[in-house]
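Enquirer: The structure that follows is given in the form of structure tokens.
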Amino acid sequence: MITFVLSLTFAFVWAAITGSATLHNLILGFALATLALWIVRDEMSCRGYFGRLGRIFSLLLLFFKELALSAWKVATLVVRRDMDLKPGIFAYPLTVTSDFEITLLANLITLTPGTLSVDVSPDRKTLYVHAIDCADIEATKRDIADGFERKIMEAFR
Amino acid sequence: MIAGLLDLLTALLVLSGAAFALVAAIGLVRLPDLYTRMHAASKAGTVGSGLLLLAVGVHSAELPVLARALAGFFFFVLTAPVSAHLLAMAAHKVGYRLCEQSIRDDMND
């Protein structure tokens with residue numbers, strides 16, 4: 001059932017993107033969506049999907065706020081006459097465990113103010129993050145843990 | 001009236017998008033090493049191109065074009081951090097050093 005609703009949603013997205021809402025195109029979109037969902041059928045756990053949507057949405061909102069903030073910070077930094085940089089790489093202990101969550105967290109960190117993920121340790125317990133201002137690392141770590149990491153766990157667990 | 005507002009919005013989006021792209025370029029020149037440069041390229045670059053794409057979508061005033069512009073922005077957000085991450089990781093693997101102002105490097109400990 002949930003797959004059917006998702007396929008239908010994807011079919012409409014497909015129609016919107018391809019720019020024609022004819023019946024043929026909708027059917028093609030539906031077929032493609034079903035195929036795509038079939039490919040990822042094992043990775044998709046459908047339990048509580050809609051309750052989750054709200055939390056995913058809140059993660060998305062936080063992300064866009066942080067993205068705007070980070071672009072603004074970089075902008076004000078590079079046009080300043082003397083750039084007071086204290087860059088460095090710090091190790092961030094990961095609480096999230098699955099590949100998907102780590103990837104998402106790393107991507108979100110890269111697009112937020114002053115941080116850029118560089119590498120994940122082989123045992124997947126540490127994320128190495130380059131920060132443009134390493135003056136107060138503990139605060140940065142706290143921000144990530146209380147912000148993105150907590151929201152990711154709320155949304156995808 | 002509506003058309004005028006749309007034009008105004010488009011102009012604002014184009015100007016701010018171009019400003020962020022310019023800032024990203026200035027950042028690439030002024031920042032001291034690859035890692036700090038990736039900050040400018042990934043963040044300001046993404047926001048700049050995102051705003052420009054949004055401007056295209058708003059200017060067309062057509063839903064399909066707007067949807068495609070949004071999809072383009074979405075893929076930008078998806079791919080920009082990956083390329084920044086890969087470049088930074090590759091640079092660190094081959095031993096590219098952090099600039100002198102850097103105060104710590106936990107990856108070498």
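Ordering of the structure tokens sets the chain letters (A, B, ...); residue numbers start at 1 within each chain; ligands are numbered from 1 in the order shown.
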Quick one: everything within 7 Å of segment 103-112 of chain A, counting only C-alpha atoms, minus sequence neighbours fewer than 4 positions away in the same chain. Send it as an MDAnalysis selection string.

Expert: (chainID A and resid 66:67 70 99 116:117 148:149) or (chainID B and resid 42:43 81:82)

Enquirer: Could you write out as a ChimeraX atom specification the residues of chain B within 7 Å of chain A, counting only C-alpha atoms?

Expert: /B:23,26-27,30,36,39-40,42-44,47,64,67-68,81-82,85,88-89,101-107

Enquirer: Enumerate, as JSON, numbers by chain, the complete set of residues in chain A that a backbone-based DSSP assignment places in alpha helix (DSSP H).

Expert: {"A": [2, 3, 4, 5, 6, 7, 8, 9, 10, 11, 12, 13, 14, 15, 16, 17, 18, 23, 24, 25, 26, 27, 28, 29, 30, 31, 32, 33, 34, 35, 36, 37, 38, 39, 49, 50, 51, 52, 53, 54, 55, 56, 57, 58, 59, 60, 61, 62, 63, 64, 65, 66, 67, 68, 69, 70, 71, 72, 73, 74, 75, 76, 77, 78, 99, 100, 101, 102, 103, 104, 105, 106, 107, 108, 109, 110, 137, 138, 139, 140, 141, 142, 143, 144, 150, 151, 152, 153, 154, 155, 156]}

Enquirer: Could you pull out the residues in segment 6-156 of chain A that DSSP calls strand (DSSP E or B) from the backbone, as number ranges by chain?

Expert: A: 86, 88-93, 115-120, 126-131, 133

Enquirer: Work out how far apart atom CA of Ser49 of chain B and atom CA of Ala18 of chain B are and give it in Å to one decimal.

Expert: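 Distance reported for this atom pair: 8.0 Å.
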
Enquirer: Please indicate the distance in Å from atom CA of Gly50 of chain B to atom CA of Phe76 of chain B, rounded to one decimal place.

Expert: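 Spanning atom CA of Gly50 of chain B to atom CA of Phe76 of chain B is a straight-line distance of 7.6 Å.
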
Enquirer: Counting only C-alpha atoms, which residue out of B:Asn108, B:Arg97, B:Thr10, B:Leu5 sits closest to His59 of chain B?

Expert: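 Going through B:Asn108, B:Arg97, B:Thr10, B:Leu5 one by one, the smallest distance to His59 of chain B is for B:Thr10.
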
Enquirer: Which is closest to Ala55 of chain B among B:Asp33, B:Ala80, B:Leu28, B:Phe73, if we use only C-alpha atoms?

Expert: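 Under the stated criterion, the closest residue is B:Phe73.
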
Enquirer: One decimal, Å: what's the distance from atom CA of Thr46 of chain B over to atom CA of Val77 of chain B, could you say?

Expert: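 Computing it gives 6.7 Å between the two atoms.
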
Enquirer: Taking 4 positions as the minimum chain separation for residues in the same chain, which residues sit within 10 Å of Ala31 of chain A when counting only C-alpha atoms? Answer as a list in words.

Expert: Ser7, Leu8, Phe10, Ala11, Asn25, Leu26, Ile27, Leu35, Ala36 and Leu37 of chain A

Enquirer: Go ahead and dump the residues you just picked, N, CA and C atoms, as a short mmCIF file (atom, residue, chain, number, x, y, z; two decimals), in the first residue's frame.

Expert:
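As a result, out_0.cif now contains:
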data_model
loop_
_atom_site.label_atom_id
_atom_site.label_comp_id
_atom_site.auth_asym_id
_atom_site.auth_seq_id
_atom_site.Cartn_x
_atom_site.Cartn_y
_atom_site.Cartn_z
N SER A 7 4.76 5.40 -5.17
CA SER A 7 4.87 5.35 -6.63
C SER A 7 4.03 6.45 -7.27
N LEU A 8 2.83 6.61 -6.70
CA LEU A 8 1.92 7.62 -7.24
C LEU A 8 2.52 9.02 -7.08
N PHE A 10 5.71 9.77 -6.77
CA PHE A 10 6.84 9.89 -7.69
C PHE A 10 6.36 10.12 -9.11
N ALA A 11 5.23 9.47 -9.48
CA ALA A 11 4.70 9.64 -10.82
C ALA A 11 4.35 11.11 -11.07
N ASN A 25 2.39 9.84 -19.97
CA ASN A 25 3.55 10.22 -19.19
C ASN A 25 3.40 9.83 -17.73
N LEU A 26 2.17 9.96 -17.21
CA LEU A 26 1.92 9.56 -15.83
C LEU A 26 2.13 8.06 -15.65
N ILE A 27 1.66 7.29 -16.65
CA ILE A 27 1.83 5.84 -16.55
C ILE A 27 3.31 5.47 -16.61
N LEU A 35 9.59 0.61 -10.49
CA LEU A 35 10.87 -0.05 -10.74
C LEU A 35 11.93 0.43 -9.74
N ALA A 36 12.00 1.76 -9.55
CA ALA A 36 13.00 2.31 -8.66
C ALA A 36 12.78 1.82 -7.23
N LEU A 37 11.51 1.79 -6.80
CA LEU A 37 11.21 1.33 -5.45
C LEU A 37 11.49 -0.16 -5.30
#

Enquirer: What's the 8 Å shell around Ala69 of chain B, counting only C-alpha atoms, without same-chain residues fewer than 6 positions away, as a PyMOL selection string?

Expert: chain B and resi 53-54+56-57

Enquirer: So that I can check the surroundings of Leu51 of chain B, please list as a VMD selection string every protein, DNA and RNA residue that reaches within 7 Å of it, counting only C-alpha atoms and ignoring chain neighbours fewer than 5 positions away.

Expert: chain B and resid 13 to 14 17

Enquirer: Which residues, written as JSON, numbers by chain, have at least one atom at most 9 Å from Leu94 of chain A, with only C-alpha atoms counted and residues fewer than 4 positions away on the same chain left out?

Expert: {"A": [102, 124, 125, 126, 127, 145, 149]}

Enquirer: Go ahead and write the residues just picked, N, CA and C atoms, as a JSON list (two decimals), in the first residue's frame.

Expert:
[["chain", "number", "residue", "atom", "x", "y", "z"],
["A", 102, "ILE", "N", 25.75, 8.00, 8.49],
["A", 102, "ILE", "CA", 27.06, 8.65, 8.48],
["A", 102, "ILE", "C", 27.21, 9.53, 7.24],
["A", 124, "ARG", "N", 34.75, 3.33, 11.56],
["A", 124, "ARG", "CA", 33.51, 4.10, 11.44],
["A", 124, "ARG", "C", 33.01, 4.63, 12.78],
["A", 125, "LYS", "N", 33.93, 4.96, 13.68],
["A", 125, "LYS", "CA", 33.52, 5.53, 14.95],
["A", 125, "LYS", "C", 33.86, 7.01, 15.02],
["A", 126, "THR", "N", 34.71, 7.48, 14.12],
["A", 126, "THR", "CA", 35.17, 8.86, 14.18],
["A", 126, "THR", "C", 35.02, 9.51, 12.82],
["A", 127, "LEU", "N", 34.53, 10.73, 12.85],
["A", 127, "LEU", "CA", 34.46, 11.51, 11.63],
["A", 127, "LEU", "C", 35.47, 12.64, 11.76],
["A", 145, "ALA", "N", 26.23, 17.46, 17.69],
["A", 145, "ALA", "CA", 25.56, 16.36, 18.40],
["A", 145, "ALA", "C", 24.11, 16.72, 18.73],
["A", 149, "GLU", "N", 22.93, 15.47, 14.43],
["A", 149, "GLU", "CA", 23.00, 14.06, 14.75],
["A", 149, "GLU", "C", 21.73, 13.61, 15.47]]

Enquirer: Name the closest residue to Val96 of chain A among the candidates A:Lys151, A:Arg81, A:His24, A:Arg41; distances are taken between atoms, counting only C-alpha atoms.

Expert: A:Lys151
